[in-house]
Amino acid sequence: MSHRIFVGIGSNIDREKNIKSCMTRLKSIYGDMTISPVYETESMGFDGPNFYNLVSCFETYQSIYELKNTLNEIENDHGRHFNETKFSSRTLDIDILYYDDLVLSDDKIQIPRKEICEYDFVLKPLVDLVPDFIHPTRNISHKDMMNNIKIKKQIISTINIDL
């Protein structure tokens, strides 16, 4: 069975190069995808270069754990190290935001990601792609969430990158 996936993608080291390379890899593995605009955001929790962030939606037959492993391999191939401190610069960060309407929390994965309800750089791209999507635990649409929940605002501007 095919699963509808939403991933958040971010980088603040060689941002454009790493985002483009990541999208090329994702397209080669998963085929057609929908891509939000790219947003420039301030670094969060540390003093560092600004991030580029976006959300991509695609279909896969992979299990949630196979998907996570594939995305971790892409991050590793882009120089990501998993012993990094939580708030630090990233060559590439790929987070599974939604896997269908699955709700899962274990020592490896948290779905849906809590950041969806916390940060504009995660929620705004989701509003761009699927404004009426209902969050599986909050039972509220993305657009209503954007209007009704206190979200940390970090978006500086929209960036034009040909993906």
# chains A, B, ... in the order shown; residues from 1 in each chain; ligands from 1
>>> closest_atom_pairs(of="region 14-92 of chain A", to="region 100-124 of chain A", cutoff="10 Å", atoms="only C-alpha atoms", output="JSON lines")
{"residue": "A:Ser36", "atom": "CA", "partner": "A:Lys124", "partner_atom": "CA", "distance": 8.9}
{"residue": "A:Pro37", "atom": "CA", "partner": "A:Lys124", "partner_atom": "CA", "distance": 9.3}
{"residue": "A:Val38", "atom": "CA", "partner": "A:Phe121", "partner_atom": "CA", "distance": 9.2}
{"residue": "A:Tyr39", "atom": "CA", "partner": "A:Phe121", "partner_atom": "CA", "distance": 6.9}
{"residue": "A:Glu40", "atom": "CA", "partner": "A:Phe121", "partner_atom": "CA", "distance": 8.3}
{"residue": "A:Thr41", "atom": "CA", "partner": "A:Phe121", "partner_atom": "CA", "distance": 7.0}
{"residue": "A:Glu42", "atom": "CA", "partner": "A:Phe121", "partner_atom": "CA", "distance": 9.7}
{"residue": "A:Phe51", "atom": "CA", "partner": "A:Phe121", "partner_atom": "CA", "distance": 9.7}
{"residue": "A:Tyr52", "atom": "CA", "partner": "A:Phe121", "partner_atom": "CA", "distance": 9.1}
{"residue": "A:Asn53", "atom": "CA", "partner": "A:Phe121", "partner_atom": "CA", "distance": 6.5}
{"residue": "A:Leu54", "atom": "CA", "partner": "A:Val122", "partner_atom": "CA", "distance": 7.5}
{"residue": "A:Val55", "atom": "CA", "partner": "A:Val122", "partner_atom": "CA", "distance": 7.3}
{"residue": "A:Glu59", "atom": "CA", "partner": "A:Asp100", "partner_atom": "CA", "distance": 9.5}
{"residue": "A:Ile64", "atom": "CA", "partner": "A:Ile109", "partner_atom": "CA", "distance": 8.6}
{"residue": "A:Tyr65", "atom": "CA", "partner": "A:Ile109", "partner_atom": "CA", "distance": 8.3}
{"residue": "A:Lys68", "atom": "CA", "partner": "A:Ile109", "partner_atom": "CA", "distance": 8.2}
>>> closest_residue(among="A:Ser21, A:Asn148, A:Asn12, A:Gln154", to="Asp77 (chain A)", atoms="only C-alpha atoms")
A:Ser21
>>> closest_residue(among="A:Ile5, A:Ile156, A:Ile140, A:Lys150", to="Ser63 (chain A)", atoms="only C-alpha atoms")
A:Ile5
>>> atom_distance(atom1="CA of Asp144 (chain A)", atom2="CA of Ser43 (chain A)")
25.9 Å
>>> select_by_dssp(residues="region 5-162 of chain A", states="strand (DSSP E or B)", output="number ranges by chain")
A: 5-11, 33-35, 38-41, 51-60, 93-99, 104-105, 110-111, 119, 134, 141, 152, 155-159
>>> select_by_dssp(residues="chain A", states="helix (DSSP H, G or I)", output="ChimeraX atom specification")
/A:15-30,64-77,114-117,120-129,142-148
>>> write_last_selection(atoms="C-alpha atoms", output="PDB file, in the first residue's frame")
ATOM      1  CA  ARG A  15      22.039  25.852   1.838  1.00  0.00           C
ATOM      2  CA  GLU A  16      21.112  26.041  -1.834  1.00  0.00           C
ATOM      3  CA  LYS A  17      23.557  23.295  -2.887  1.00  0.00           C
ATOM      4  CA  ASN A  18      22.408  20.888  -0.162  1.00  0.00           C
ATOM      5  CA  ILE A  19      18.679  21.569  -0.675  1.00  0.00           C
ATOM      6  CA  LYS A  20      18.968  21.071  -4.457  1.00  0.00           C
ATOM      7  CA  SER A  21      21.019  17.906  -4.040  1.00  0.00           C
ATOM      8  CA  CYS A  22      18.552  16.562  -1.474  1.00  0.00           C
ATOM      9  CA  MET A  23      15.588  17.213  -3.783  1.00  0.00           C
ATOM     10  CA  THR A  24      17.388  15.492  -6.670  1.00  0.00           C
ATOM     11  CA  ARG A  25      17.958  12.417  -4.479  1.00  0.00           C
ATOM     12  CA  LEU A  26      14.381  12.378  -3.170  1.00  0.00           C
ATOM     13  CA  LYS A  27      12.970  12.665  -6.711  1.00  0.00           C
ATOM     14  CA  SER A  28      15.238   9.839  -7.922  1.00  0.00           C
ATOM     15  CA  ILE A  29      13.940   7.560  -5.146  1.00  0.00           C
ATOM     16  CA  TYR A  30      10.295   8.621  -4.782  1.00  0.00           C
ATOM     17  CA  ILE A  64       7.993   4.243   8.406  1.00  0.00           C
ATOM     18  CA  TYR A  65      11.297   2.729   9.610  1.00  0.00           C
ATOM     19  CA  GLU A  66      12.567   2.007   6.080  1.00  0.00           C
ATOM     20  CA  LEU A  67      11.698   5.598   5.141  1.00  0.00           C
ATOM     21  CA  LYS A  68      13.538   6.969   8.172  1.00  0.00           C
ATOM     22  CA  ASN A  69      16.621   4.899   7.290  1.00  0.00           C
ATOM     23  CA  THR A  70      16.566   6.127   3.679  1.00  0.00           C
ATOM     24  CA  LEU A  71      16.261   9.764   4.789  1.00  0.00           C
ATOM     25  CA  ASN A  72      19.074   9.286   7.338  1.00  0.00           C
ATOM     26  CA  GLU A  73      21.294   7.906   4.545  1.00  0.00           C
ATOM     27  CA  ILE A  74      20.598  11.027   2.452  1.00  0.00           C
ATOM     28  CA  GLU A  75      21.475  13.222   5.442  1.00  0.00           C
ATOM     29  CA  ASN A  76      24.678  11.227   6.041  1.00  0.00           C
ATOM     30  CA  ASP A  77      25.640  11.534   2.365  1.00  0.00           C
ATOM     31  CA  LYS A 114       5.538  18.345  17.367  1.00  0.00           C
ATOM     32  CA  GLU A 115       7.305  21.147  15.451  1.00  0.00           C
ATOM     33  CA  ILE A 116       4.288  21.342  13.102  1.00  0.00           C
ATOM     34  CA  CYS A 117       2.345  23.082  15.886  1.00  0.00           C
ATOM     35  CA  ASP A 120       5.963  28.866  11.264  1.00  0.00           C
ATOM     36  CA  PHE A 121       8.772  27.475   9.076  1.00  0.00           C
ATOM     37  CA  VAL A 122       7.191  24.009   9.441  1.00  0.00           C
ATOM     38  CA  LEU A 123       3.501  24.951   9.445  1.00  0.00           C
ATOM     39  CA  LYS A 124       3.533  27.633   6.701  1.00  0.00           C
ATOM     40  CA  PRO A 125       4.896  25.279   4.005  1.00  0.00           C
ATOM     41  CA  LEU A 126       2.226  22.741   5.036  1.00  0.00           C
ATOM     42  CA  VAL A 127      -0.419  25.466   4.696  1.00  0.00           C
ATOM     43  CA  ASP A 128       0.990  26.187   1.225  1.00  0.00           C
ATOM     44  CA  LEU A 129       0.701  22.516   0.189  1.00  0.00           C
ATOM     45  CA  HIS A 142      -3.268  23.565   8.933  1.00  0.00           C
ATOM     46  CA  LYS A 143      -4.814  26.894   7.952  1.00  0.00           C
ATOM     47  CA  ASP A 144      -6.891  27.026  11.158  1.00  0.00           C
ATOM     48  CA  MET A 145      -3.825  26.041  13.165  1.00  0.00           C
ATOM     49  CA  MET A 146      -1.880  28.911  11.579  1.00  0.00           C
ATOM     50  CA  ASN A 147      -4.654  31.342  12.553  1.00  0.00           C
ATOM     51  CA  ASN A 148      -5.478  29.990  16.010  1.00  0.00           C
TER      52      ASN A 148
END
>>> closest_residue(among="A:Leu92, A:Ile161, A:Ile151, A:Met44", to="Ile9 (chain A)", atoms="only C-alpha atoms")
A:Leu92
>>> closest_residue(among="A:Asp14, A:Val130, A:Pro136, A:Cys57", to="Gly79 (chain A)", atoms="only C-alpha atoms")
A:Asp14
>>> atom_distance(atom1="CA of Gly10 (chain A)", atom2="CA of Asp95 (chain A)")
8.8 Å
>>> closest_residue(among="A:Asp132, A:Tyr99, A:Lys153, A:Asn160", to="Tyr61 (chain A)", atoms="only C-alpha atoms")
A:Tyr99
>>> closest_residue(among="A:Phe6, A:Met1, A:Ile155, A:Ile149", to="Phe133 (chain A)", atoms="only C-alpha atoms")
A:Phe6
